[in-house]
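J.: Sharing entry11.txt below, compact mmCIF, C-alpha atoms:
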# COMPACT_ATOMS: atom_id res chain seq x y z
CA MET A 1 121.21 146.09 63.01
CA ASP A 2 124.07 148.36 61.96
CA ASN A 3 127.61 147.06 62.25
CA GLN A 4 130.85 148.88 62.87
CA PRO A 5 133.51 148.66 60.13
CA ASN A 6 135.98 145.82 60.52
CA ASP A 7 139.06 145.42 58.33
CA VAL A 8 139.73 148.17 55.82
CA ILE A 9 141.16 146.91 52.53
CA THR A 10 144.23 148.87 51.45
CA ASN A 11 145.29 146.83 48.41
CA ALA A 12 142.70 145.57 45.94
CA SER A 13 145.15 143.19 44.27
CA ILE A 14 145.43 140.96 47.36
CA VAL A 15 141.65 140.43 47.62
CA GLU A 16 140.52 137.09 46.25
CA VAL A 17 137.67 137.71 43.79
CA PRO A 18 136.10 134.42 42.66
CA LYS A 19 135.09 133.81 39.06
CA ASN A 20 131.38 134.19 38.45
CA ASP A 21 129.59 132.46 35.58
CA SER A 22 126.76 135.00 35.82
CA PRO A 23 127.11 138.66 34.81
CA VAL A 24 128.51 141.18 37.28
CA VAL A 25 127.68 144.81 36.55
CA CYS A 26 129.10 147.86 38.29
CA VAL A 27 126.74 150.83 38.35
CA PHE A 28 128.01 154.35 38.91
CA CYS A 29 125.30 156.70 40.16
CA GLY A 30 124.52 159.55 42.49
CA ALA A 31 123.99 159.63 46.24
CA SER A 32 121.27 162.21 45.56
CA SER A 33 117.77 161.50 44.24
CA GLY A 34 117.65 164.26 41.64
CA THR A 35 114.77 166.64 41.09
CA ALA A 36 112.81 164.44 38.65
CA PRO A 37 111.13 161.21 39.87
CA SER A 38 112.27 159.49 36.66
CA HIS A 39 115.81 159.08 38.02
CA MET A 40 114.74 157.01 41.02
CA ALA A 41 112.28 155.13 38.80
CA ALA A 42 115.14 154.25 36.46
CA ALA A 43 117.09 152.82 39.41
CA ARG A 44 114.15 150.58 40.29
CA ALA A 45 113.69 149.53 36.66
CA LEU A 46 117.38 148.65 36.40
CA ALA A 47 117.16 146.58 39.59
CA THR A 48 114.23 144.65 38.09
CA ALA A 49 116.18 144.03 34.88
CA PHE A 50 119.18 142.81 36.91
CA HIS A 51 116.93 140.45 38.87
CA GLU A 52 115.42 139.01 35.70
CA SER A 53 118.87 138.44 34.18
CA ASN A 54 120.51 137.05 37.35
CA ILE A 55 123.01 139.91 37.49
CA THR A 56 125.11 140.73 40.54
CA LEU A 57 125.33 144.45 41.27
CA VAL A 58 128.56 146.13 42.32
CA TYR A 59 128.08 149.74 43.40
CA GLY A 60 129.51 152.49 45.59
CA GLY A 61 128.05 151.25 48.88
CA GLY A 62 125.87 154.25 49.71
CA THR A 63 122.35 154.13 51.14
CA THR A 64 120.95 157.44 49.91
CA GLY A 65 119.69 158.73 46.59
CA ILE A 66 119.90 156.64 43.44
CA MET A 67 122.64 154.45 44.98
CA GLY A 68 120.46 153.40 47.89
CA GLU A 69 117.34 152.94 45.77
CA LEU A 70 119.15 150.66 43.33
CA ALA A 71 120.70 148.49 46.05
CA ARG A 72 117.54 148.25 48.18
CA SER A 73 115.40 147.40 45.16
CA LEU A 74 117.67 144.59 44.00
CA VAL A 75 118.07 143.12 47.50
CA LYS A 76 114.27 143.00 47.82
CA LEU A 77 114.05 141.07 44.54
CA SER A 78 117.16 138.86 44.56
CA GLY A 79 118.37 138.85 48.16
CA PRO A 80 121.48 140.27 49.88
CA SER A 81 123.91 138.06 47.94
CA SER A 82 123.02 139.94 44.74
CA VAL A 83 124.62 143.23 45.84
CA ILE A 84 128.22 144.16 46.66
CA GLY A 85 128.83 147.69 47.91
CA ILE A 86 132.40 149.01 47.97
CA ILE A 87 132.93 152.22 49.92
CA PRO A 88 135.94 154.09 51.36
CA ALA A 89 136.15 154.33 55.15
CA ALA A 90 136.01 158.13 54.96
CA LEU A 91 132.60 157.98 53.27
CA VAL A 92 131.33 155.45 55.82
CA ALA A 93 132.16 157.98 58.53
CA PHE A 94 130.57 160.83 56.57
CA GLU A 95 127.47 159.19 55.06
CA GLN A 96 126.73 156.38 57.51
CA SER A 97 127.88 157.92 60.83
CA GLY A 98 130.55 155.23 61.01
CA SER A 99 128.16 152.27 60.65
CA VAL A 100 128.17 149.68 57.88
CA PRO A 101 124.87 149.53 55.92
CA GLU A 102 122.58 146.68 56.96
CA ALA A 103 123.23 143.57 54.86
CA GLU A 104 119.55 142.64 54.94
CA LYS A 105 118.74 145.88 53.10
CA TYR A 106 121.86 146.67 51.08
CA GLY A 107 123.78 143.41 50.62
CA GLN A 108 127.48 142.93 51.32
CA THR A 109 129.57 146.01 52.10
CA ILE A 110 133.34 146.08 51.62
CA ILE A 111 135.29 148.92 53.27
CA VAL A 112 138.40 150.20 51.49
CA ASN A 113 140.98 152.86 52.27
CA SER A 114 140.72 155.04 49.17
CA MET A 115 138.76 155.94 46.05
CA HIS A 116 141.38 154.29 43.88
CA THR A 117 141.23 151.00 45.79
CA ARG A 118 137.44 151.17 45.51
CA LYS A 119 137.57 151.47 41.71
CA GLN A 120 140.19 148.76 41.34
CA LEU A 121 138.14 146.32 43.41
CA MET A 122 134.95 147.20 41.53
CA ALA A 123 136.75 146.47 38.26
CA ARG A 124 138.12 143.15 39.53
CA HIS A 125 134.61 141.96 40.41
CA VAL A 126 133.30 142.95 36.99
CA ILE A 127 136.20 141.36 35.10
CA ALA A 128 135.61 138.12 37.04
CA GLY A 129 131.98 138.04 35.91
CA GLY A 130 130.40 136.08 33.08
CA LYS A 131 129.16 137.22 29.67
CA GLY A 132 127.18 140.44 29.88
CA SER A 133 129.32 141.91 32.67
CA GLY A 134 130.31 145.55 32.45
CA PHE A 135 129.89 149.09 33.70
CA VAL A 136 126.78 151.28 33.66
CA ALA A 137 126.37 154.96 34.42
CA LEU A 138 123.04 156.00 35.86
CA THR A 139 122.49 159.66 36.63
CA GLY A 140 124.89 161.30 39.06
CA GLY A 141 127.32 164.15 39.57
CA TYR A 142 131.08 164.70 39.47
CA GLY A 143 131.93 161.31 41.00
CA THR A 144 129.74 159.39 38.58
CA LEU A 145 131.26 161.14 35.59
CA GLU A 146 134.82 160.65 36.86
CA GLU A 147 134.24 156.92 37.40
CA LEU A 148 132.63 156.55 33.98
CA MET A 149 135.50 158.32 32.23
CA GLU A 150 138.12 156.25 34.07
CA VAL A 151 136.66 152.88 33.07
CA THR A 152 136.21 154.20 29.53
CA THR A 153 139.90 155.11 29.43
CA TRP A 154 140.77 151.70 30.90
CA ASN A 155 138.86 150.05 28.05
CA GLN A 156 140.70 152.16 25.48
CA LEU A 157 144.04 151.20 27.06
CA GLY A 158 143.17 147.51 27.13
CA ILE A 159 142.99 147.21 30.92
CA HIS A 160 139.58 145.57 30.59
CA ASN A 161 137.41 144.41 27.70
CA VAL A 162 133.88 144.62 29.07
CA GLY A 163 131.03 146.85 27.99
CA ILE A 164 130.32 150.41 29.15
CA VAL A 165 126.75 151.70 28.92
CA VAL A 166 125.35 155.15 29.61
CA PHE A 167 121.75 154.83 30.86
CA ASN A 168 120.50 158.12 29.49
CA ILE A 169 117.39 159.20 31.40
CA ASN A 170 115.47 162.21 30.05
CA GLY A 171 118.47 163.23 27.96
CA TYR A 172 120.65 163.68 31.05
CA TYR A 173 123.77 162.50 29.22
CA ASP A 174 123.03 164.14 25.87
CA GLY A 175 125.75 166.74 26.51
CA LEU A 176 128.34 164.08 27.30
CA LEU A 177 127.50 162.07 24.20
CA GLN A 178 127.66 165.22 22.10
CA TRP A 179 131.09 165.98 23.59
CA VAL A 180 132.31 162.52 22.53
CA ARG A 181 131.10 163.12 18.98
CA GLY A 182 132.77 166.53 19.02
CA ALA A 183 136.04 165.04 20.26
CA VAL A 184 135.93 162.52 17.41
CA SER A 185 135.32 165.30 14.89
CA ALA A 186 138.17 167.36 16.38
CA GLY A 187 140.59 164.44 16.17
CA PHE A 188 141.10 163.81 19.90
CA ILE A 189 139.21 160.50 19.99
CA SER A 190 139.46 158.04 17.10
CA GLU A 191 136.23 157.17 15.32
CA PRO A 192 136.29 153.53 16.50
CA ASN A 193 136.96 154.58 20.10
CA GLY A 194 134.09 157.03 19.94
CA LYS A 195 131.91 153.92 20.21
CA ILE A 196 133.40 152.64 23.48
CA LEU A 197 130.47 154.29 25.29
CA VAL A 198 127.09 152.84 24.32
CA GLU A 199 123.84 154.68 25.01
CA ALA A 200 120.71 152.99 26.37
CA LYS A 201 117.40 154.62 27.22
CA GLU A 202 115.56 151.70 28.82
CA ALA A 203 116.64 149.24 31.50
CA GLU A 204 116.18 146.23 29.22
CA GLU A 205 118.31 147.98 26.59
CA VAL A 206 121.10 148.32 29.16
CA ILE A 207 121.20 144.54 29.64
CA LYS A 208 121.11 143.85 25.90
CA SER A 209 123.83 146.42 25.20
CA LEU A 210 126.14 144.77 27.73
CA ARG A 211 125.40 141.28 26.42
CA ASP A 212 125.98 142.31 22.78
CA TYR A 213 128.89 144.69 23.42
CA VAL A 214 131.67 144.65 20.81
CA ASN A 215 135.02 146.16 21.69
CA SER A 216 136.45 148.96 19.57
CA LYS A 217 139.03 148.00 16.97
CA GLY A 218 140.94 151.11 18.04
CA ARG A 219 141.71 149.84 21.54
CA MET A 220 145.34 149.52 22.65
CA ASN A 221 146.36 145.93 23.28
CA LEU A 222 148.73 146.74 26.12
CA GLU A 223 149.90 144.34 28.82
CA TRP A 224 148.80 145.29 32.35
CA THR A 225 149.43 143.46 35.61
CA THR A 226 146.67 145.19 37.64
CA GLU A 227 143.53 147.22 36.98
CA GLY A 228 144.55 150.87 36.67
Could you spell out this file's structure in C-alpha cells?

T.:
Amino acid sequence: MDNQPNDVITNASIVEVPKNDSPVVCVFCGASSGTAPSHMAAARALATAFHESNITLVYGGGTTGIMGELARSLVKLSGPSSVIGIIPAALVAFEQSGSVPEAEKYGQTIIVNSMHTRKQLMARHVIAGGKGSGFVALTGGYGTLEELMEVTTWNQLGIHNVGIVVFNINGYYDGLLQWVRGAVSAGFISEPNGKILVEAKEAEEVIKSLRDYVNSKGRMNLEWTTEG
C-alpha cells in the first residue's frame, strides 16, 4: 500500500546515520529505461552482485526506469532493508503522484527538501559503510552525470575517500572517459586525479573495483566539517 510522505528532511547533517560494517554503495542512474535492453539488464546484474556481496544500495528513490529496476531487483533478492531511496519532495509529487514508494518493493524511502540535501545524505550513508563502499554510475542523463561529477570533485577535494566507478555499458561512457583523458592532456586535471574515476564493464568488476580502490595521490587533504 502506498504511503503519504511524512517528515521532510531539510538538513542532512542532523540525521543520525549509523556505522555499517558491510559495504554501502550509492548508484546514480536514470529514471528512464533507455532504448537498449542491455541497460536494464545491467541494473539487474548489479543488483545480483550487490546481493552476493551483502551490499546495501543507496539510490535516488525513483520507481521507474533503471532506478526502479535496480531497487526492485535487489529487494527481491535481499529484502527491503537492503535498499535506501533518498528523494526530494518535489520529485515525489511529480514522479509518484505524492505517494511514497512501497517499502515491500523498493525498500526504505527518505524524503528530503532539496537535491543538495539528497546528495549530502547519500554521501553520509556511503561514508558510514564498510570496506568496498563507494559510488557507481549506471547509465542515465543530465542528473546522473551531475551527481557523478560532484562526488568525483568531492573525492579530489578530500571530502570523502571512497571509490567511484563508472559502469560502462555498451560504451555509453566512452565519451566521458575520453574527455577525462583529454583534460589530463590539456593540463586541467592532474595525471593522478585522472584516475579518480574507474571504469568497469561487468557487474562483478564494479564490486572488485570498489573493494580494491586506491585513492589518487593528487587529492587535496583539506579539512571539511560536512559533506559538500

J.: Please report, as CSV, each residue of stretch 113-143 of chain A lying at most 10 Å from stretch 59-79 of chain A, together with the nearest pair of atoms and the separation in Å rounded to one decimal; use only C-alpha atoms, and order rows by chain and ascending residue number.

T.:
residue,atom,partner,partner_atom,distance
A:Met115,CA,A:Gly60,CA,9.9
A:Arg118,CA,A:Gly60,CA,8.0
A:Lys119,CA,A:Gly60,CA,9.0
A:Met122,CA,A:Tyr59,CA,7.6
A:Phe135,CA,A:Tyr59,CA,9.9
A:Val136,CA,A:Tyr59,CA,9.9
A:Leu138,CA,A:Ile66,CA,8.2
A:Thr139,CA,A:Ile66,CA,7.9
A:Gly140,CA,A:Ile66,CA,8.1

J.: Extract, using all atoms listed in the file, all DNA, RNA and protein residues at most 7 Å from A:Val198, discarding same-chain residues fewer than 4 positions from it, and format them as a ChimeraX atom specification.

T.: /A:164-166

J.: Identify which of the residues A:Gly30, A:Gly129, A:Pro88, A:Gly107 lies closest to A:Ile55, counting only C-alpha atoms when measuring atom-to-atom distances.

T.: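 Checking each of A:Gly30, A:Gly129, A:Pro88, A:Gly107 against A:Ile55, counting only C-alpha atoms, the winner is A:Gly129.
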
J.: Please produce, as a Markdown table, a per-residue contact table for stretch 45-97 of chain A versus stretch 18-21 of chain A (criterion: any atom at most 12 Å away, all atoms listed in the file considered), showing the nearest atom pair and its distance in Å to one decimal, sorted by chain then residue number.

T.:
| residue | atom | partner | partner_atom | distance |
| --- | --- | --- | --- | --- |
| A:Asn54 | CA | A:Asp21 | CA | 10.3 |
| A:Ile55 | CA | A:Asp21 | CA | 10.1 |
| A:Thr56 | CA | A:Asn20 | CA | 9.3 |
| A:Ser82 | CA | A:Asn20 | CA | 11.9 |

J.: Save the residues we just selected, C-alpha atoms, as a PDB file, in the coordinates of the input?

T.:
ATOM      1  CA  ASN A  54     120.510 137.050  37.350  1.00  0.00           C
ATOM      2  CA  ILE A  55     123.010 139.910  37.490  1.00  0.00           C
ATOM      3  CA  THR A  56     125.110 140.730  40.540  1.00  0.00           C
ATOM      4  CA  SER A  82     123.020 139.940  44.740  1.00  0.00           C
TER       5      SER A  82
END

J.: How far is it from atom CA of A:Lys131 to atom CA of A:Thr117, in Å with one decimal?

T.: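 Distance reported for this atom pair: 24.4 Å.
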
J.: Using all atoms listed in the file, which of A:Ser216, A:Glu191, A:Asn170, A:Asn155 sits nearest A:Thr35?

T.: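 The answer is A:Asn170, which sits nearest to A:Thr35.
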
J.: Quick one: pull the distance between atom CA of A:Glu199 and atom CA of A:Tyr173, Å, one decimal.

T.: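 One can read the atom CA of A:Glu199 to atom CA of A:Tyr173 distance as 8.9 Å.
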
J.: In Å, rounded to a single decimal, give me how far atom CA of A:Leu157 is from atom CA of A:Gly132.

T.: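 Distance between the two atoms: 20.2 Å.
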
J.: Report as a PyMOL selection string all protein, DNA and RNA residues lying within 9 Å of A:Val184, evaluated on all atoms listed in the file, omitting residues in the same chain fewer than 6 positions from it.

T.: chain A and resi 190-191+193-194

J.: Excluding A:His39 and its own-chain neighbours fewer than 5 positions away, which residues fall within 7 Å of it when counting only C-alpha atoms? Please give them as number ranges by chain.

T.: A: 33-34, 139, 169

J.: Please dump the current selection as a PDB file, keeping the file's coordinate frame; keep C-alpha atoms.

T.:
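New file out_11.pdb:
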ATOM      1  CA  SER A  33     117.770 161.500  44.240  1.00  0.00           C
ATOM      2  CA  GLY A  34     117.650 164.260  41.640  1.00  0.00           C
ATOM      3  CA  THR A 139     122.490 159.660  36.630  1.00  0.00           C
ATOM      4  CA  ILE A 169     117.390 159.200  31.400  1.00  0.00           C
TER       5      ILE A 169
END

J.: I need the residue nearest A:Trp224 from this list: A:Gly85, A:Ile189, A:Ile159, A:Leu176. Use all atoms listed in the file for the distance.

T.: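 The closest residue to A:Trp224 is A:Ile159.
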
J.: Pick from A:Glu95, A:Asp212, A:Glu202, A:Glu223: nearest to A:Ala43, with all atoms listed in the file counted?

T.: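 Ranking A:Glu95, A:Asp212, A:Glu202, A:Glu223 by distance to A:Ala43, first place goes to A:Glu202.
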
J.: Taking into account only C-alpha atoms, which residue in the set A:Ala31, A:Val206, A:Ile110, A:Val100 is nearest to A:Ser133?

T.: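 Comparing A:Ala31, A:Val206, A:Ile110, A:Val100 against A:Ser133, the winner is A:Val206.
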